[in-house]
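Trainee: One file is attached below, target_27.cif, containing mmCIF, C-alpha atoms.
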data_protein
loop_
_atom_site.label_atom_id
_atom_site.label_comp_id
_atom_site.auth_asym_id
_atom_site.auth_seq_id
_atom_site.Cartn_x
_atom_site.Cartn_y
_atom_site.Cartn_z
CA MET A 960 6.78 85.82 109.22
CA SER A 961 7.63 82.11 109.27
CA GLU A 962 8.81 82.39 105.65
CA LEU A 963 11.05 85.36 106.57
CA ASN A 964 12.54 83.45 109.49
CA SER A 965 13.14 80.49 107.23
CA MET A 966 14.97 82.70 104.70
CA ASN A 967 17.16 84.20 107.41
CA ARG A 968 18.08 80.76 108.62
CA GLU A 969 19.09 79.72 105.08
CA ILE A 970 21.21 82.87 104.64
CA LYS A 971 23.06 82.22 107.91
CA LYS A 972 23.59 78.58 106.94
CA ASN A 973 25.10 79.65 103.61
CA GLN A 974 27.40 82.16 105.33
CA LEU A 975 28.56 79.55 107.83
CA ARG A 976 29.05 77.02 105.05
CA ARG A 977 31.25 79.44 103.05
CA GLN A 978 33.44 80.02 106.13
CA ILE A 979 33.90 76.32 106.81
CA VAL A 980 34.00 74.81 103.34
CA PRO A 981 37.03 75.91 101.24
CA THR A 982 36.53 77.49 97.84
CA SER A 983 37.08 75.44 94.74
CA ALA A 984 40.60 76.88 94.35
CA ASN A 985 41.48 75.98 97.92
CA LYS A 986 40.03 72.49 97.43
CA ASP A 987 42.57 71.86 94.71
CA GLU A 988 45.55 72.94 96.90
CA SER A 989 47.43 70.24 98.77
CA SER A 990 48.51 70.69 102.35
CA GLU A 991 52.15 70.83 101.17
CA GLU A 992 51.44 73.81 98.92
CA ILE A 993 49.69 75.61 101.75
CA ILE A 994 52.69 75.03 104.02
CA LYS A 995 55.05 76.18 101.25
CA LYS A 996 53.15 79.45 100.80
CA ALA A 997 53.19 80.02 104.54
CA ARG A 998 56.96 79.55 104.61
CA VAL A 999 57.41 82.01 101.73
CA LYS A 1000 55.38 84.59 103.66
CA VAL A 1001 57.54 84.05 106.75
CA LYS A 1002 60.75 84.42 104.70
CA LYS A 1003 59.50 87.64 103.10
CA LYS A 1004 58.60 88.99 106.52
CA ARG A 1005 62.04 88.11 107.89
CA LEU A 1006 63.70 89.70 104.85
CA ARG A 1007 61.77 92.93 105.42
CA ILE A 1008 62.80 92.94 109.08
CA PHE A 1009 66.44 92.27 108.09
CA LEU A 1010 66.43 95.10 105.54
CA VAL A 1011 64.95 97.52 108.06
CA LEU A 1012 67.54 96.54 110.69
CA SER A 1013 70.34 96.82 108.11
CA VAL A 1014 69.25 100.34 107.20
CA VAL A 1015 69.08 101.29 110.88
CA CYS A 1016 72.55 99.79 111.55
CA LEU A 1017 74.00 101.48 108.46
CA ALA A 1018 72.57 104.83 109.50
CA GLY A 1019 73.90 104.30 113.01
CA GLY A 1020 77.33 103.30 111.68
CA ILE A 1021 77.48 106.37 109.46
CA GLY A 1022 76.48 108.50 112.41
CA VAL A 1023 79.18 107.00 114.64
CA TYR A 1024 81.78 107.36 111.87
CA GLN A 1025 80.87 111.00 111.28
CA TYR A 1026 80.90 111.63 115.02
CA PHE A 1027 84.42 110.28 115.44
CA GLN A 1028 85.60 111.92 112.21
CA PHE A 1029 84.27 115.42 112.73
CA HIS A 1030 83.84 116.10 116.42
CA GLN A 1031 86.66 117.69 118.40
CA TYR A 1032 87.61 116.93 121.98
CA THR A 1033 87.91 120.03 124.14
CA SER A 1034 89.06 118.69 127.51
CA PHE A 1035 90.39 115.63 129.27
CA GLY A 1036 90.29 113.77 132.55
CA VAL A 1037 93.10 111.76 134.12
CA VAL A 1038 92.41 107.99 134.20
CA TRP A 1039 95.57 107.11 136.13
CA GLU A 1040 99.01 108.55 136.71
CA LYS A 1041 102.33 107.27 137.97
CA ALA A 1042 105.50 109.00 139.09
CA MET A 1043 108.59 108.04 137.08
CA ASN A 1044 112.21 107.78 138.21
CA GLU A 1045 113.77 110.51 136.10
CA GLY A 1046 117.46 109.57 136.45
CA SER A 1047 119.54 110.58 133.42
CA PHE A 1048 116.47 110.53 131.18
CA GLU A 1049 117.01 110.53 127.41
CA GLY A 1050 113.72 109.55 125.80
CA TYR A 1051 110.83 107.18 125.10
CA MET A 1052 110.11 104.92 122.13
CA ASN A 1053 106.91 103.10 121.21
CA PHE A 1054 107.65 99.41 121.75
CA GLY A 1055 104.78 97.11 120.76
CA SER A 1056 101.69 98.28 122.61
CA ASN A 1057 103.87 99.73 125.39
CA VAL A 1058 106.79 102.11 125.89
CA LEU A 1059 110.57 101.74 126.10
CA LYS A 1060 112.21 104.30 128.38
CA TYR A 1061 115.96 104.74 128.04
CA SER A 1062 118.64 106.84 129.70
CA LYS A 1063 122.42 106.95 130.11
CA ASP A 1064 122.33 104.50 132.99
CA GLY A 1065 119.63 102.03 131.94
CA ALA A 1066 116.38 101.16 130.19
CA SER A 1067 112.95 99.94 131.25
CA TYR A 1068 109.89 98.52 129.51
CA ILE A 1069 106.68 100.16 130.75
CA ASP A 1070 103.21 98.77 130.07
CA SER A 1071 100.02 100.70 129.28
CA LYS A 1072 99.26 101.17 132.99
CA GLY A 1073 102.67 102.57 133.93
CA LYS A 1074 104.03 99.33 135.38
CA GLU A 1075 107.70 98.48 134.77
CA VAL A 1076 107.81 95.05 133.10
CA TRP A 1077 111.61 94.87 133.24
CA ILE A 1078 114.60 97.09 134.03
CA GLN A 1079 118.11 96.85 132.55
CA SER A 1080 121.06 98.86 133.82
CA TYR A 1081 124.09 99.90 131.69
CA GLU A 1082 126.43 102.85 131.25
CA MET A 1083 126.36 104.89 128.03
CA LYS A 1084 127.50 108.38 127.14
CA SER A 1085 125.07 108.92 124.26
CA PRO A 1086 122.33 106.26 124.04
CA LYS A 1087 120.10 106.03 120.98
CA ALA A 1088 117.13 103.64 120.79
CA TYR A 1089 115.83 101.76 117.74
CA VAL A 1090 112.65 99.64 117.62
CA SER A 1091 111.12 97.19 115.14
CA GLY A 1092 108.28 94.84 116.02
CA ASP A 1093 109.13 92.72 119.04
CA TYR A 1094 112.76 93.86 119.32
CA ALA A 1095 114.59 97.02 120.38
CA ALA A 1096 118.26 98.01 120.38
CA ILE A 1097 119.98 100.77 122.34
CA ALA A 1098 123.35 101.81 120.92
CA ASP A 1099 125.98 104.04 122.52
CA GLN A 1100 126.75 106.52 119.74
CA GLN A 1101 130.53 106.99 119.41
CA GLY A 1102 130.77 104.21 121.98
CA ASN A 1103 131.22 100.45 121.60
CA SER A 1104 128.13 98.68 122.95
CA ILE A 1105 124.65 97.79 121.70
CA TYR A 1106 122.05 96.29 124.06
CA ILE A 1107 119.41 94.16 122.35
CA PHE A 1108 115.97 93.55 123.92
CA ASP A 1109 112.74 91.74 123.32
CA LYS A 1110 109.56 92.25 125.34
CA ALA A 1111 110.85 89.92 128.06
CA GLY A 1112 114.15 91.79 128.56
CA ASN A 1113 117.77 91.82 127.43
CA THR A 1114 118.69 89.11 124.88
CA GLY A 1115 122.33 90.05 124.34
CA VAL A 1116 125.00 92.75 124.13
CA ALA A 1117 127.04 93.46 121.00
CA THR A 1118 130.50 94.89 121.57
CA THR A 1119 132.40 96.68 118.81
CA VAL A 1120 136.04 97.69 118.39
CA LEU A 1121 135.23 100.75 116.29
CA PRO A 1122 132.92 103.61 117.37
CA ILE A 1123 129.20 103.25 116.55
CA VAL A 1124 127.67 105.89 114.29
CA LYS A 1125 124.12 104.56 113.82
CA ALA A 1126 122.21 101.30 114.09
CA SER A 1127 119.01 99.56 113.05
CA VAL A 1128 117.16 96.48 114.37
CA SER A 1129 114.83 94.02 112.66
CA SER A 1130 111.69 92.53 114.20
CA TYR A 1131 113.67 89.28 114.68
CA GLY A 1132 116.48 90.92 116.67
CA VAL A 1133 119.16 91.20 113.95
CA VAL A 1134 121.07 94.47 114.34
CA ALA A 1135 122.97 96.42 111.66
CA ALA A 1136 125.43 99.08 112.83
CA ILE A 1137 127.53 101.68 111.03
CA LEU A 1138 131.06 101.71 112.49
CA GLU A 1139 133.80 104.16 111.52
CA ASP A 1140 137.54 104.58 111.58
CA SER A 1141 139.82 107.22 110.09
CA THR A 1142 139.74 105.86 106.52
CA SER A 1143 136.66 103.68 106.18
CA ASN A 1144 133.12 103.07 107.34
CA TYR A 1145 131.75 99.58 107.90
CA ILE A 1146 128.32 98.08 108.31
CA TYR A 1147 128.44 95.13 110.71
CA PHE A 1148 125.61 92.75 111.59
CA PHE A 1149 124.83 91.08 114.91
CA LYS A 1150 122.50 88.33 116.10
CA GLN A 1151 119.95 88.89 118.87
CA ASP A 1152 122.40 87.48 121.41
CA GLY A 1153 125.02 90.06 120.38
CA SER A 1154 127.30 87.72 118.46
CA VAL A 1155 128.73 88.92 115.15
CA LEU A 1156 127.26 87.65 111.87
CA ASP A 1157 129.67 86.75 109.11
CA VAL A 1158 128.47 89.65 106.94
CA LYS A 1159 130.19 93.00 106.47
CA ILE A 1160 129.96 95.97 104.10
CA LYS A 1161 132.99 98.24 103.71
CA ALA A 1162 132.92 101.78 102.31
CA LEU A 1163 136.07 103.82 101.80
CA LEU A 1164 135.77 107.48 102.69
CA GLY A 1165 136.18 109.40 99.47
CA GLY A 1166 135.71 106.23 97.38
CA ASP A 1167 133.23 105.74 94.56
CA SER A 1168 130.89 103.73 96.77
CA GLY A 1169 130.46 106.65 99.15
CA TYR A 1170 130.20 106.45 102.93
CA PRO A 1171 127.04 105.35 104.77
CA VAL A 1172 125.00 108.05 106.44
CA ASP A 1173 122.06 105.94 107.61
CA VAL A 1174 120.80 102.34 107.37
CA SER A 1175 117.55 100.50 107.98
CA LEU A 1176 116.84 96.77 108.11
CA SER A 1177 113.59 95.33 106.80
CA PRO A 1178 111.41 93.86 109.57
CA ASP A 1179 112.34 90.30 108.52
CA GLY A 1180 116.04 91.21 108.57
CA THR A 1181 116.77 90.03 105.01
CA GLN A 1182 117.07 93.46 103.34
CA LEU A 1183 119.01 96.63 104.06
CA ILE A 1184 118.46 100.10 102.65
CA GLY A 1185 121.35 102.51 103.04
CA ALA A 1186 121.82 106.23 102.52
CA TYR A 1187 125.27 107.12 101.19
CA ALA A 1188 127.12 110.34 100.42
CA TYR A 1189 129.84 110.62 97.77
CA VAL A 1190 131.77 113.33 95.94
CA LYS A 1191 131.61 113.67 92.18
CA ASN A 1192 133.12 116.55 90.21
CA GLY A 1193 133.64 118.43 93.44
CA THR A 1194 129.95 118.15 94.40
CA LEU A 1195 128.54 116.17 97.30
CA ASN A 1196 125.77 113.84 96.14
CA GLY A 1197 123.42 111.33 97.69
CA ARG A 1198 122.81 107.70 96.93
CA VAL A 1199 120.31 105.05 98.05
CA ALA A 1200 121.41 101.41 97.89
CA PHE A 1201 119.70 98.09 98.63
CA HIS A 1202 121.38 94.91 99.89
CA ASN A 1203 119.70 91.50 100.12
CA PHE A 1204 120.93 88.95 102.68
CA ALA A 1205 118.46 86.19 101.90
CA GLU A 1206 119.45 83.16 99.82
CA ILE A 1207 118.52 84.97 96.61
CA GLY A 1208 121.03 87.72 97.36
CA LYS A 1209 124.02 85.35 97.20
CA SER A 1210 123.89 85.51 93.40
CA VAL A 1211 124.79 89.22 93.41
CA PRO A 1212 128.26 90.67 94.20
CA ASP A 1213 128.32 92.22 97.70
CA ARG A 1214 124.61 91.36 97.80
CA LEU A 1215 124.00 94.80 96.24
CA VAL A 1216 120.69 94.48 94.38
CA GLY A 1217 119.96 98.12 93.60
CA GLY A 1218 121.44 101.61 93.65
CA PHE A 1219 119.89 105.00 92.92
CA ASP A 1220 122.13 108.00 92.19
CA GLU A 1221 120.25 110.07 89.63
CA PRO A 1222 117.37 111.15 91.92
CA TYR A 1223 119.86 112.72 94.37
CA VAL A 1224 122.25 114.74 92.20
CA SER A 1225 123.47 117.71 94.27
CA SER A 1226 121.33 116.65 97.22
CA LEU A 1227 121.93 114.61 100.36
CA VAL A 1228 119.91 111.70 101.73
CA ALA A 1229 119.89 112.06 105.50
CA GLN A 1230 117.59 109.21 106.55
CA VAL A 1231 116.17 105.95 105.21
CA ARG A 1232 113.56 103.61 106.65
CA PHE A 1233 111.97 100.25 105.83
CA LEU A 1234 108.27 100.66 106.69
CA ASP A 1235 107.48 96.95 106.13
CA ASP A 1236 109.09 94.10 104.22
CA THR A 1237 108.11 95.64 100.86
CA TYR A 1238 107.99 99.42 101.16
CA SER A 1239 110.74 101.80 102.24
CA CYS A 1240 111.41 105.52 102.00
CA ALA A 1241 114.34 107.90 101.76
CA PHE A 1242 114.38 111.46 103.07
CA ALA A 1243 116.61 113.90 101.17
CA ASP A 1244 117.04 117.62 101.74
CA ASN A 1245 114.67 118.41 98.86
CA SER A 1246 112.52 115.30 98.39
CA VAL A 1247 110.98 112.18 99.89
CA SER A 1248 111.23 108.97 97.85
CA PHE A 1249 109.18 105.78 98.11
CA TYR A 1250 110.64 102.40 97.11
CA SER A 1251 109.28 98.90 96.59
CA THR A 1252 111.21 95.62 96.83
CA LYS A 1253 108.42 93.35 95.60
CA ASN A 1254 111.05 92.14 93.17
CA ALA A 1255 113.81 91.27 95.65
CA LEU A 1256 116.59 91.52 93.02
CA SER A 1257 115.32 94.73 91.43
CA PRO A 1258 114.16 97.44 93.87
CA GLU A 1259 111.96 100.10 92.29
CA LEU A 1260 111.60 103.82 92.93
CA ILE A 1261 107.81 104.04 92.76
CA LYS A 1262 107.43 107.73 93.57
CA GLN A 1263 109.62 110.73 94.36
CA ILE A 1264 107.94 113.83 95.74
CA PRO A 1265 109.90 117.07 95.36
CA ILE A 1266 109.80 119.31 98.42
CA GLU A 1267 110.42 122.97 97.59
CA ASP A 1268 109.93 124.18 101.15
CA GLU A 1269 112.24 123.54 104.09
CA ILE A 1270 111.77 120.08 105.62
CA LYS A 1271 111.52 120.60 109.35
CA SER A 1272 110.54 117.10 110.58
CA VAL A 1273 110.06 113.58 109.23
CA PHE A 1274 108.26 110.73 111.01
CA TYR A 1275 106.69 107.41 110.07
CA SER A 1276 104.85 104.24 111.07
CA LYS A 1277 104.36 100.89 109.34
CA LYS A 1278 101.73 102.37 107.02
CA TYR A 1279 102.36 106.11 106.82
CA VAL A 1280 105.05 108.72 106.33
CA GLY A 1281 104.73 112.25 107.65
CA LEU A 1282 106.51 115.53 106.96
CA VAL A 1283 106.35 119.00 108.43
CA VAL A 1284 107.57 121.63 106.00
CA THR A 1285 107.96 125.39 106.40
CA GLY A 1286 107.25 127.70 103.47
CA SER A 1287 109.08 130.89 102.59
CA ASP A 1288 106.22 132.81 104.22
CA GLY A 1289 106.78 130.96 107.50
CA GLN A 1290 103.59 128.88 107.13
CA GLU A 1291 104.00 125.33 108.43
CA ARG A 1292 102.32 122.44 106.69
CA LEU A 1293 101.66 118.87 107.81
CA GLN A 1294 101.84 116.31 104.97
CA VAL A 1295 101.05 112.61 105.36
CA TYR A 1296 101.52 109.87 102.73
CA LYS A 1297 100.81 106.15 102.45
CA ALA A 1298 103.70 103.68 102.24
CA ASN A 1299 103.40 103.70 98.41
CA GLY A 1300 103.64 107.49 98.22
CA ASP A 1301 99.95 108.30 97.76
CA LYS A 1302 98.97 111.46 99.62
CA VAL A 1303 96.67 111.03 102.64
CA PHE A 1304 96.21 114.69 103.59
CA THR A 1305 97.85 118.11 103.80
CA SER A 1306 97.01 120.58 106.56
CA ASP A 1307 98.38 124.03 107.36
CA PHE A 1308 98.84 124.85 111.03
CA GLN A 1309 100.30 127.41 113.41
CA TYR A 1310 101.72 125.69 116.45
CA SER A 1311 105.15 125.67 118.10
CA TYR A 1312 105.91 121.95 118.28
CA THR A 1313 109.14 120.08 119.03
CA ASN A 1314 108.09 116.48 118.25
CA ALA A 1315 105.93 114.75 115.64
CA ASP A 1316 104.71 111.14 115.60
CA ILE A 1317 102.22 108.79 113.94
CA ASP A 1318 100.56 106.13 116.08
CA GLY A 1319 97.81 104.06 114.48
CA ASP A 1320 95.34 106.41 112.81
CA ARG A 1321 96.48 109.55 114.64
CA VAL A 1322 99.17 112.15 114.05
CA PHE A 1323 100.67 113.89 117.08
CA LEU A 1324 102.39 117.24 117.27
CA TYR A 1325 103.57 118.19 120.76
CA ASN A 1326 106.03 120.20 122.81
CA GLU A 1327 107.04 120.08 126.46
CA ASN A 1328 103.64 121.23 127.77
CA SER A 1329 100.99 120.87 125.06
CA CYS A 1330 99.73 118.61 122.31
CA ARG A 1331 97.75 118.53 119.10
CA VAL A 1332 96.10 115.39 117.70
CA TYR A 1333 94.98 114.96 114.07
CA ASN A 1334 93.11 112.11 112.40
CA LEU A 1335 94.02 110.79 108.95
CA SER A 1336 91.53 113.15 107.33
CA GLY A 1337 93.68 116.02 108.55
CA ARG A 1338 91.12 117.19 111.10
CA LEU A 1339 92.26 118.54 114.43
CA LYS A 1340 90.77 116.23 117.06
CA PHE A 1341 92.31 117.64 120.22
CA SER A 1342 94.41 120.58 121.35
CA GLY A 1343 95.36 120.84 125.00
CA THR A 1344 97.99 121.85 127.54
CA PHE A 1345 99.47 119.86 130.42
CA ASP A 1346 100.71 120.76 133.88
CA PHE A 1347 103.87 118.62 133.70
CA PRO A 1348 106.77 118.24 131.22
CA VAL A 1349 105.92 116.06 128.20
CA SER A 1350 108.36 113.85 126.31
CA LYS A 1351 106.06 111.45 124.46
CA VAL A 1352 102.38 111.26 123.46
CA ARG A 1353 100.77 108.13 122.00
CA ASN A 1354 97.43 106.32 121.76
CA GLY A 1355 96.00 104.88 124.96
CA ARG A 1356 94.13 101.64 125.56
CA PHE A 1357 90.82 102.96 124.19
CA PRO A 1358 89.85 105.15 121.19
CA ASN A 1359 89.37 108.24 123.36
CA THR A 1360 92.47 107.89 125.56
CA LEU A 1361 96.10 108.98 125.25
CA ILE A 1362 99.27 108.01 127.12
CA VAL A 1363 101.18 111.19 127.98
CA THR A 1364 104.67 110.59 129.34
CA GLY A 1365 107.35 112.89 130.71
CA PRO A 1366 110.64 112.51 132.59
CA GLN A 1367 108.78 112.57 135.92
CA ASN A 1368 105.23 111.36 135.21
CA MET A 1369 103.17 109.04 133.05
CA LYS A 1370 99.42 109.58 132.70
CA GLU A 1371 96.58 108.06 130.76
CA ILE A 1372 94.04 110.74 129.92
CA ARG A 1373 90.49 110.38 128.62
CA LEU A 1374 89.53 112.91 125.97
CA GLN A 1375 86.18 114.61 126.51
CA ILE A 1376 83.79 117.00 124.82
CA GLY A 1377 83.03 119.94 127.07
CA GLY A 1378 83.97 120.21 130.72
CA HIS A 1379 87.27 121.35 132.15
CA TYR A 1380 90.77 119.99 132.19
CA GLN A 1381 91.31 117.74 135.17
#
What would you get if you wrote out this structure as structure tokens?
Mentor:
Amino acid sequence: MSELNSMNREIKKNQLRRQIVPTSANKDESSEEIIKKARVKVKKKRLRIFLVLSVVCLAGGIGVYQYFQFHQYTSFGVVWEKAMNEGSFEGYMNFGSNVLKYSKDGASYIDSKGKEVWIQSYEMKSPKAYVSGDYAAIADQQGNSIYIFDKAGNTGVATTVLPIVKASVSSYGVVAAILEDSTSNYIYFFKQDGSVLDVKIKALLGGDSGYPVDVSLSPDGTQLIGAYAYVKNGTLNGRVAFHNFAEIGKSVPDRLVGGFDEPYVSSLVAQVRFLDDTYSCAFADNSVSFYSTKNALSPELIKQIPIEDEIKSVFYSKKYVGLVVTGSDGQERLQVYKANGDKVFTSDFQYSYTNADIDGDRVFLYNENSCRVYNLSGRLKFSGTFDFPVSKVRNGRFPNTLIVTGPQNMKEIRLQIGGHYQ
């Protein structure tokens, strides 16, 4: 028995010794190597945790993206509303992150909560508003005055001798205006304080140069795209021309750096627009054309898209151009393109709209008492009716809100899934 107890004691001693005394391999390891291995284990553990969290975040991001892309709002609630002074109301324009309201007897700048930032009175018979960046201009069509504004209020008034046909404003406050008399049309330029710039373009009615139908300044004010109409062989044709008023343009007669006649034989160009300082577009009765002025002295037609159907509406933002066309079968189609002419989406719809707009990543179709909202995948995100007259619909302060404005009311609404209209 004593021998058995002695053996057990030896076995336990050996076990204890193995636990305390390191193996021969461990004896050879320095303390630095042990610490290094421990750090590697910690790094691997952290990497595994990071990868797991990344997968979870990616899955969550995809889920959120798909939610916002594919779900449709079915109702809305009113966040706030404010009564508006209707007066001789004419319309609203997006102006920065807020709204410019204009009428025959004045204009006001209204923020995203319905507060009037400033008010300017004037008298006009037929006011038309133009906006670019931080500046806006309101011209009295067939009148003789142009009021120029920034976000703080009126910066100047341009007065003309000849009647105003159309105008355009740059994001620095320079204004271009088409003026007309019985024999000629002129394009005059004005500073933000209303004073006249020493630049003028003259076009004789019936002359080879044609007469200007529409103009648009680039945001930086150094370039002008113009739509012209002229008669050749008894046929009325369209023309798009580019002028450059920067230093580089002085080397070219009349600062005319580019003209495009061939794309518009037997067609008319009704509207032109600089989207940014590089890309511009021209809307004809049977096409939409996209231009680039990356080479300031040699504008390029980068894409012309023939439109066989009737063009019912055109609209645009800094990044996108939209069309609504009506086919011979009466089917209406919404078409949206990037600034370089690449197609974003096409969507057929049946809806009696009167206005179309792009604001951010949403396309709006609306009439006096209802609205439809599409995303840039062409999916219908919201369709609803309102209990007051509607003149303008735009994005609100948050992704699920809209600002809905009419002659008498302005409301911010929150789009919802389910529930009832409030």
Trainee: For A:Gln1031, which of A:Phe1204, A:Tyr1296, A:Tyr1333, A:Phe1242 is the closest residue, counting all atoms listed in the file?
Mentor: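 When distances to A:Gln1031 are compared using all atoms listed in the file, the smallest one comes from A:Tyr1333.
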Trainee: Please evaluate the PyMOL selection byres ((chain A and resi 1212-1218) around 8) against the displayed coordinates and give the resulting residues as a list in words.
Mentor: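 On this input, the PyMOL selection byres ((chain A and resi 1212-1218) around 8) captures Ile1160, Arg1198, Val1199, Ala1200, Phe1201, His1202, Asn1203, Phe1204, Gly1208, Lys1209, Ser1210, Val1211, Phe1219, Asp1220, Ala1255, Leu1256, Ser1257 and Pro1258 of chain A.
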Trainee: What residues come out when you apply the PyMOL selection byres ((chain A and resi 1336-1343) around 10) to this file, written as a PyMOL selection string?
Mentor: chain A and resi 1027-1035+1293-1295+1303-1308+1320-1325+1328-1335+1344-1345+1374-1376+1380
Trainee: Which residues, named as in the file, does the PyMOL selection byres ((chain A and resi 1181-1189) around 6) pick out? Answer as JSON, numbers by chain.
Mentor: {"A": [1169, 1170, 1171, 1172, 1173, 1174, 1175, 1176, 1177, 1179, 1180, 1190, 1195, 1196, 1197, 1198, 1199, 1200, 1201, 1202, 1203, 1204, 1205, 1228]}
Trainee: Nearest to A:Asn1192: which of A:Trp1077, A:Val1224, A:Asn1299, A:Gln1151 is it, counting all atoms listed in the file?
Mentor: A:Val1224
Trainee: Excluding A:Ala1095 and any residue of its chain fewer than 4 positions from it, enumerate the residues within 8 Å of it, using all atoms listed in the file, and give them as a ChimeraX atom specification.
Mentor: /A:1054,1088-1091,1107-1109,1128,1132
Trainee: Counting only C-alpha atoms, which residues in stretch 1049-1088 of chain A sit no more than 12 Å from stretch 1113-1127 of chain A? For each one, give the nearest pair of atoms and the distance in Å, sorted by chain then residue number, as CSV.
Mentor:
residue,atom,partner,partner_atom,distance
A:Gly1065,CA,A:Asn1113,CA,11.3
A:Ala1066,CA,A:Asn1113,CA,9.8
A:Ser1067,CA,A:Asn1113,CA,10.2
A:Tyr1068,CA,A:Asn1113,CA,10.6
A:Val1076,CA,A:Asn1113,CA,11.9
A:Trp1077,CA,A:Asn1113,CA,9.0
A:Ile1078,CA,A:Asn1113,CA,9.0
A:Gln1079,CA,A:Asn1113,CA,7.2
A:Ser1080,CA,A:Asn1113,CA,10.1
A:Tyr1081,CA,A:Val1116,CA,10.4
A:Met1083,CA,A:Ile1123,CA,11.9
A:Lys1084,CA,A:Ile1123,CA,11.9
A:Ser1085,CA,A:Ile1123,CA,10.4
A:Pro1086,CA,A:Lys1125,CA,10.5
A:Lys1087,CA,A:Lys1125,CA,8.3
A:Ala1088,CA,A:Ala1126,CA,8.7
Trainee: Pick from A:Val1158, A:Glu1075, A:Ser1056, A:Arg1232: nearest to A:Phe1357, with all atoms listed in the file counted?
Mentor: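 Between A:Val1158, A:Glu1075, A:Ser1056, A:Arg1232, the residue approaching A:Phe1357 most closely is A:Ser1056.
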Trainee: List the spatial neighbours of A:Ser1130 as a count of residues only - criterion: any atom at most 6 Å away, all atoms listed in the file, same-chain residues fewer than 3 positions off excluded.
Mentor: 5
Trainee: Could you tell me which of A:Glu1206, A:Glu991, A:Glu1267, A:Asp1244 comes closest to A:Tyr1223 if we count all atoms listed in the file?
Mentor: A:Asp1244
Trainee: Which of these, A:Leu1156, A:Val1038, A:Ile1146, A:Leu1012, has the shortest distance to A:Thr1360 once you count all atoms listed in the file?
Mentor: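 Smallest distance to A:Thr1360 is found for A:Val1038.
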Trainee: Given all atoms listed in the file as the basis, pick out the residue of A:Leu1234, A:Leu1361, A:Ile1317, A:Ile1137 nearest to A:Phe1274.
Mentor: A:Ile1317
